[in-house]
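> What follows is the file entry-v5.cif, containing mmCIF, C-alpha atoms:
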data_input
#
loop_
_atom_site.group_PDB
_atom_site.id
_atom_site.type_symbol
_atom_site.label_atom_id
_atom_site.label_comp_id
_atom_site.auth_asym_id
_atom_site.auth_seq_id
_atom_site.Cartn_x
_atom_site.Cartn_y
_atom_site.Cartn_z
ATOM 1 C CA MET A 1 15.564 10.051 -0.767
ATOM 2 C CA LYS A 2 12.353 11.273 0.861
ATOM 3 C CA VAL A 3 9.249 9.264 -0.010
ATOM 4 C CA TYR A 4 5.717 10.438 0.742
ATOM 5 C CA ILE A 5 3.442 7.396 0.588
ATOM 6 C CA VAL A 6 -0.327 7.848 0.477
ATOM 7 C CA ARG A 7 -2.730 5.029 1.276
ATOM 8 C CA HIS A 8 -5.921 4.909 -0.784
ATOM 9 C CA THR A 9 -9.245 5.950 0.771
ATOM 10 C CA SER A 10 -11.670 3.428 2.279
ATOM 11 C CA VAL A 11 -13.267 0.782 0.083
ATOM 12 C CA VAL A 12 -16.645 -0.935 -0.074
ATOM 13 C CA LEU A 13 -15.288 -4.123 1.558
ATOM 14 C CA ASP A 14 -14.201 -4.451 5.183
ATOM 15 C CA GLY A 15 -10.634 -5.759 5.109
ATOM 16 C CA ASN A 16 -11.085 -7.218 8.594
ATOM 17 C CA GLU A 17 -13.786 -9.488 7.206
ATOM 18 C CA THR A 18 -12.878 -10.009 3.543
ATOM 19 C CA CYS A 19 -9.497 -10.757 2.015
ATOM 20 C CA TYR A 20 -8.693 -8.411 -0.835
ATOM 21 C CA GLY A 21 -5.379 -7.321 -2.251
ATOM 22 C CA PHE A 22 -4.821 -7.503 -6.012
ATOM 23 C CA SER A 23 -8.597 -7.292 -6.568
ATOM 24 C CA ASP A 24 -9.742 -3.948 -7.932
ATOM 25 C CA VAL A 25 -12.100 -3.041 -5.090
ATOM 26 C CA GLN A 26 -14.064 0.192 -5.477
ATOM 27 C CA THR A 27 -13.952 3.140 -3.074
ATOM 28 C CA ARG A 28 -16.840 4.042 -0.767
ATOM 29 C CA GLU A 29 -19.413 6.749 -1.485
ATOM 30 C CA SER A 30 -17.463 8.931 0.951
ATOM 31 C CA PHE A 31 -14.504 9.030 -1.477
ATOM 32 C CA GLU A 32 -14.663 12.778 -2.195
ATOM 33 C CA GLN A 33 -14.757 13.779 1.486
ATOM 34 C CA GLU A 34 -11.890 11.409 2.336
ATOM 35 C CA ALA A 35 -9.885 12.427 -0.744
ATOM 36 C CA GLU A 36 -10.337 16.111 0.058
ATOM 37 C CA GLN A 37 -8.894 15.538 3.534
ATOM 38 C CA THR A 38 -5.919 13.692 2.011
ATOM 39 C CA LYS A 39 -5.426 16.512 -0.492
ATOM 40 C CA GLN A 40 -5.329 19.090 2.316
ATOM 41 C CA THR A 41 -2.895 16.940 4.325
ATOM 42 C CA LEU A 42 -0.582 16.662 1.323
ATOM 43 C CA GLU A 43 -0.764 20.384 0.582
ATOM 44 C CA THR A 44 0.149 21.183 4.185
ATOM 45 C CA LEU A 45 2.919 18.597 4.316
ATOM 46 C CA LEU A 46 4.488 19.619 1.007
ATOM 47 C CA ARG A 47 4.170 23.397 1.549
ATOM 48 C CA GLY A 48 7.623 24.883 1.834
ATOM 49 C CA GLU A 49 9.293 21.630 0.787
ATOM 50 C CA ALA A 50 11.160 21.122 -2.476
ATOM 51 C CA PRO A 51 8.662 19.847 -5.048
ATOM 52 C CA VAL A 52 8.418 16.099 -5.474
ATOM 53 C CA GLU A 53 10.355 15.032 -8.540
ATOM 54 C CA ALA A 54 8.176 12.091 -9.569
ATOM 55 C CA VAL A 55 4.723 10.748 -8.729
ATOM 56 C CA PHE A 56 3.790 7.065 -8.885
ATOM 57 C CA THR A 57 0.632 5.063 -8.264
ATOM 58 C CA SER A 58 -0.546 1.519 -8.045
ATOM 59 C CA PRO A 59 -2.607 0.783 -11.162
ATOM 60 C CA LEU A 60 -5.501 -0.434 -8.986
ATOM 61 C CA SER A 61 -8.343 2.083 -9.246
ATOM 62 C CA ARG A 62 -8.588 2.814 -5.511
ATOM 63 C CA ALA A 63 -5.055 4.274 -5.562
ATOM 64 C CA ALA A 64 -5.045 5.812 -9.057
ATOM 65 C CA LYS A 65 -8.382 7.525 -8.379
ATOM 66 C CA LEU A 66 -6.964 9.238 -5.289
ATOM 67 C CA ALA A 67 -3.816 10.290 -7.173
ATOM 68 C CA ALA A 68 -5.990 11.893 -9.861
ATOM 69 C CA TYR A 69 -8.265 13.595 -7.325
ATOM 70 C CA VAL A 70 -5.416 15.277 -5.452
ATOM 71 C CA GLY A 71 -3.883 16.596 -8.679
ATOM 72 C CA TYR A 72 -1.784 13.828 -10.195
ATOM 73 C CA PRO A 73 -3.884 12.235 -12.984
ATOM 74 C CA ASP A 74 -0.704 11.384 -14.913
ATOM 75 C CA ALA A 75 1.055 9.614 -12.039
ATOM 76 C CA GLN A 76 3.213 6.790 -13.355
ATOM 77 C CA ARG A 77 1.508 3.445 -12.830
ATOM 78 C CA ASP A 78 3.725 0.691 -11.481
ATOM 79 C CA ASP A 79 2.584 -2.888 -10.812
ATOM 80 C CA ARG A 80 5.122 -3.222 -7.992
ATOM 81 C CA LEU A 81 2.917 -0.842 -5.981
ATOM 82 C CA LYS A 82 -0.109 -3.166 -5.995
ATOM 83 C CA GLU A 83 -1.322 -4.693 -2.767
ATOM 84 C CA MET A 84 -0.295 -8.264 -1.949
ATOM 85 C CA ASN A 85 -1.599 -10.895 -4.350
ATOM 86 C CA PHE A 86 -3.624 -13.267 -2.194
ATOM 87 C CA GLY A 87 -4.344 -15.564 -5.166
ATOM 88 C CA ALA A 88 -7.155 -18.025 -4.464
ATOM 89 C CA TRP A 89 -8.003 -16.150 -1.273
ATOM 90 C CA GLU A 90 -9.049 -12.958 -3.039
ATOM 91 C CA LEU A 91 -12.550 -11.782 -2.047
ATOM 92 C CA ARG A 92 -13.100 -14.659 0.397
ATOM 93 C CA PRO A 93 -13.989 -14.208 4.101
ATOM 94 C CA TRP A 94 -11.024 -14.294 6.495
ATOM 95 C CA ALA A 95 -13.002 -16.489 8.911
ATOM 96 C CA GLU A 96 -13.276 -19.153 6.208
ATOM 97 C CA LEU A 97 -9.581 -18.917 5.341
ATOM 98 C CA MET A 98 -8.224 -18.959 8.897
ATOM 99 C CA GLN A 99 -10.381 -21.908 10.038
ATOM 100 C CA GLY A 100 -9.849 -21.468 13.759
ATOM 101 C CA LYS A 101 -6.109 -20.691 13.657
ATOM 102 C CA SER A 102 -4.796 -17.736 15.617
ATOM 103 C CA TYR A 103 -4.021 -14.570 13.680
ATOM 104 C CA GLU A 104 -0.313 -14.770 14.536
ATOM 105 C CA GLU A 105 0.012 -18.469 13.691
ATOM 106 C CA PHE A 106 -1.875 -18.073 10.416
ATOM 107 C CA PHE A 107 -0.046 -15.028 9.062
ATOM 108 C CA SER A 108 3.457 -15.938 10.255
ATOM 109 C CA TYR A 109 3.444 -18.855 7.799
ATOM 110 C CA TYR A 110 2.714 -16.557 4.849
ATOM 111 C CA ILE A 111 5.623 -14.242 5.537
ATOM 112 C CA ASP A 112 7.827 -16.703 3.639
ATOM 113 C CA HIS A 113 5.312 -18.996 1.922
ATOM 114 C CA PRO A 114 3.075 -17.854 -0.965
ATOM 115 C CA THR A 115 -0.666 -17.956 -0.529
ATOM 116 C CA PRO A 116 -2.329 -20.497 -2.884
ATOM 117 C CA GLY A 117 -1.904 -19.026 -6.364
ATOM 118 C CA GLY A 118 -0.562 -15.770 -4.908
ATOM 119 C CA GLU A 119 2.545 -14.411 -3.232
ATOM 120 C CA SER A 120 4.209 -14.338 0.175
ATOM 121 C CA LEU A 121 4.795 -11.189 2.185
ATOM 122 C CA MET A 122 8.525 -11.495 1.366
ATOM 123 C CA MET A 123 7.686 -11.522 -2.344
ATOM 124 C CA GLN A 124 5.701 -8.311 -1.892
ATOM 125 C CA TYR A 125 8.536 -6.826 0.179
ATOM 126 C CA GLU A 126 11.053 -7.654 -2.571
ATOM 127 C CA ARG A 127 8.999 -5.927 -5.280
ATOM 128 C CA VAL A 128 8.522 -2.831 -3.078
ATOM 129 C CA ARG A 129 12.261 -2.865 -2.320
ATOM 130 C CA ASP A 130 13.033 -3.094 -6.054
ATOM 131 C CA PHE A 131 10.761 -0.125 -6.728
ATOM 132 C CA ILE A 132 12.376 2.025 -3.995
ATOM 133 C CA LEU A 133 15.919 1.101 -5.014
ATOM 134 C CA GLU A 134 15.157 1.878 -8.651
ATOM 135 C CA GLN A 135 13.840 5.357 -7.800
ATOM 136 C CA LYS A 136 16.822 6.004 -5.562
ATOM 137 C CA ALA A 137 19.160 4.934 -8.395
ATOM 138 C CA TRP A 138 17.456 7.487 -10.653
ATOM 139 C CA GLY A 139 18.727 10.102 -8.219
ATOM 140 C CA TYR A 140 15.395 11.437 -7.008
ATOM 141 C CA SER A 141 15.557 13.327 -3.743
ATOM 142 C CA SER A 142 11.763 13.311 -3.214
ATOM 143 C CA ILE A 143 8.910 11.210 -4.654
ATOM 144 C CA LEU A 144 5.185 10.792 -4.015
ATOM 145 C CA VAL A 145 3.535 7.359 -4.111
ATOM 146 C CA PHE A 146 -0.167 6.383 -4.016
ATOM 147 C CA CYS A 147 -0.699 2.776 -2.992
ATOM 148 C CA HIS A 148 -1.911 0.333 -0.319
ATOM 149 C CA GLY A 149 -1.363 -0.502 3.333
ATOM 150 C CA GLY A 150 0.739 -3.592 2.629
ATOM 151 C CA VAL A 151 3.039 -1.656 0.318
ATOM 152 C CA ILE A 152 3.434 1.067 2.940
ATOM 153 C CA ASN A 153 4.272 -1.488 5.618
ATOM 154 C CA CYS A 154 6.880 -3.115 3.370
ATOM 155 C CA ALA A 155 8.406 0.333 2.760
ATOM 156 C CA ARG A 156 8.349 1.078 6.497
ATOM 157 C CA ALA A 157 10.247 -2.161 7.147
ATOM 158 C CA LEU A 158 12.708 -1.367 4.360
ATOM 159 C CA SER A 159 13.380 2.066 5.889
ATOM 160 C CA GLY A 160 14.117 0.466 9.261
ATOM 161 C CA GLU A 161 11.073 2.034 10.946
ATOM 162 C CA CYS A 162 9.767 -1.396 11.956
ATOM 163 C CA GLU A 163 10.301 -5.106 11.419
ATOM 164 C CA LEU A 164 8.366 -6.684 8.583
ATOM 165 C CA ARG A 165 6.988 -9.345 10.930
ATOM 166 C CA ASN A 166 5.434 -6.619 13.123
ATOM 167 C CA ALA A 167 4.554 -4.016 10.496
ATOM 168 C CA PHE A 168 0.888 -4.942 10.214
ATOM 169 C CA ALA A 169 0.218 -4.209 13.874
ATOM 170 C CA LEU A 170 0.283 -0.525 12.848
ATOM 171 C CA LEU A 171 -1.438 -0.453 9.475
ATOM 172 C CA PRO A 172 -1.670 3.181 8.279
ATOM 173 C CA GLY A 173 -5.171 4.607 8.042
ATOM 174 C CA PHE A 174 -7.081 5.128 4.809
ATOM 175 C CA GLY A 175 -6.052 8.354 3.106
ATOM 176 C CA SER A 176 -3.045 8.770 5.396
ATOM 177 C CA VAL A 177 0.372 10.050 4.324
ATOM 178 C CA THR A 178 3.499 8.293 5.574
ATOM 179 C CA GLU A 179 6.840 10.063 5.218
ATOM 180 C CA LEU A 180 9.935 7.858 4.949
ATOM 181 C CA GLU A 181 13.622 8.431 4.288
ATOM 182 C CA PHE A 182 15.786 6.077 2.224
#
Mind turning this structure into structure tokens?

Amino acid sequence: MKVYIVRHTSVVLDGNETCYGFSDVQTRESFEQEAEQTKQTLETLLRGEAPVEAVFTSPLSRAAKLAAYVGYPDAQRDDRLKEMNFGAWELRPWAELMQGKSYEEFFSYYIDHPTPGGESLMMQYERVRDFILEQKAWGYSSILVFCHGGVINCARALSGECELRNAFALLPGFGSVTELEF
């Protein structure tokens, strides 16, 4: 099954400074310009290909808004496509949360351990895996998904493109389209 995964456009918060995942963060004022570029990328990528058989989106507005803009206002919303739930960390500064620990040391713990009141990276990976396996079981040969960087990285690891532990070193850009095969 071919999966085209689109990351939402940029948001008003800087993810390098502020932790956000499940929070419904709004897009920047540049949304239309960014969304138009994503729309053109998708049109070019899908031209000449068999049409996608189903379109899905995270219910968070930053993903659903992009799906609607590029022509899929009725994309099926699926909670498994939400970004990682950081629980008590949501909307707090990373500097406050990391408290002097190295990036690698800090995040390696949360691969298997849930954040306070949230989920672990493995929990997110398992829900993304369940979503992909369900669509594959439906017999789709090609789907389109609008979601978040963490979801894309979990899917990349599931496809064998990278290891989950290293996936975030290459976070896909805002508005980018990642093509994976399952």
> Compile a residue-level contact table for segment 20-91 of chain A against segment 139-154 of chain A at a cut-off of 6 Å, reporting for every qualifying residue the shortest atom pair and its distance in Å to one decimal, with all atoms listed in the file counted, rows ordered by chain and ascending number, as CSV.

residue,atom,partner,partner_atom,distance
A:Val52,CA,A:Ser142,CA,4.9
A:Glu53,CA,A:Ile143,CA,5.6
A:Ala54,CA,A:Ile143,CA,5.0
A:Val55,CA,A:Leu144,CA,4.7
A:Phe56,CA,A:Val145,CA,4.8
A:Thr57,CA,A:Phe146,CA,4.5
A:Ser58,CA,A:Cys147,CA,5.2
A:Ala63,CA,A:Cys147,CA,5.3
A:Leu81,CA,A:Cys147,CA,5.9
A:Glu83,CA,A:His148,CA,5.6
> Using all atoms listed in the file, find the one residue out of A:Lys136, A:His8, A:Lys101, A:His113 that sits nearest to Lys65 of chain A.
A:His8
> Which residues match the PyMOL selection byres ((chain A and resi 118) around 6) in the file above, as a list in words?
Asn85, Phe86, Gly87, Pro114, Thr115, Pro116, Gly117 and Glu119 of chain A
> With distances taken over only C-alpha atoms, which residue among A:Phe131, A:Trp138, A:Phe174, A:Tyr20 lies nearest Pro93 of chain A?
A:Tyr20
> Could you spell out the hits of the PyMOL selection byres ((chain A and resi 67-71) around 8) on the shown file, as a ChimeraX atom specification?
/A:35-36,38-39,57,63-66,72-75,146
> For atom CA of Val3 of chain A and atom CA of Glu181 of chain A, determine how far apart the two atoms are, in Å to one decimal place.
6.2 Å
> Please report the interatomic distance between atom CA of Phe31 of chain A and atom CA of Glu90 of chain A in Å with one decimal.
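Taking atom CA of Phe31 of chain A as the start and atom CA of Glu90 of chain A as the end point, the length is 22.7 Å.
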> Evaluate the PyMOL selection byres ((chain A and resi 92) around 12) on the structure here and hand back the selected residues as an NGL selection string.
:A and (13-21 or 23 or 86-91 or 93-98)
> If I take atom CA of Pro51 of chain A and atom CA of Ala157 of chain A, how far is one from the other in Å, to one decimal?
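It comes out at 25.2 Å.
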> Please identify all polymer residues within 12 Å of Glu126 of chain A, counting all atoms listed in the file, omitting same-chain residues fewer than 2 positions from it, and present them as number ranges by chain.
A: 80-81, 84, 111-112, 119-124, 128-133, 151, 154-155, 157-158, 164
> Could you save the residues just selected, with C-alpha atoms, as a compact mmCIF listing (two decimals), keeping the file's coordinate frame?

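The result, written out as result_2.txt:
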# COMPACT_ATOMS: atom_id res chain seq x y z
CA ARG A 80 5.12 -3.22 -7.99
CA LEU A 81 2.92 -0.84 -5.98
CA MET A 84 -0.30 -8.26 -1.95
CA ILE A 111 5.62 -14.24 5.54
CA ASP A 112 7.83 -16.70 3.64
CA GLU A 119 2.54 -14.41 -3.23
CA SER A 120 4.21 -14.34 0.18
CA LEU A 121 4.80 -11.19 2.18
CA MET A 122 8.52 -11.50 1.37
CA MET A 123 7.69 -11.52 -2.34
CA GLN A 124 5.70 -8.31 -1.89
CA VAL A 128 8.52 -2.83 -3.08
CA ARG A 129 12.26 -2.86 -2.32
CA ASP A 130 13.03 -3.09 -6.05
CA PHE A 131 10.76 -0.12 -6.73
CA ILE A 132 12.38 2.02 -4.00
CA LEU A 133 15.92 1.10 -5.01
CA VAL A 151 3.04 -1.66 0.32
CA CYS A 154 6.88 -3.12 3.37
CA ALA A 155 8.41 0.33 2.76
CA ALA A 157 10.25 -2.16 7.15
CA LEU A 158 12.71 -1.37 4.36
CA LEU A 164 8.37 -6.68 8.58
> So which one's closest to Val25 of chain A, A:Arg165, A:Gln40, A:Ser102, A:Pro59? Using all atoms listed in the file, please.
A:Pro59
> When distances are computed from all atoms listed in the file, which of A:Tyr110, A:Gln26, A:Leu45, A:Asp79 shows the smallest separation from Val6 of chain A?
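Of all the options, A:Leu45 lies closest to Val6 of chain A.
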> From the list A:Arg127, A:Arg77, A:Arg156, A:Lys2, which residue is nearest Ser61 of chain A when using only C-alpha atoms?
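Of all the options, A:Arg77 lies closest to Ser61 of chain A.
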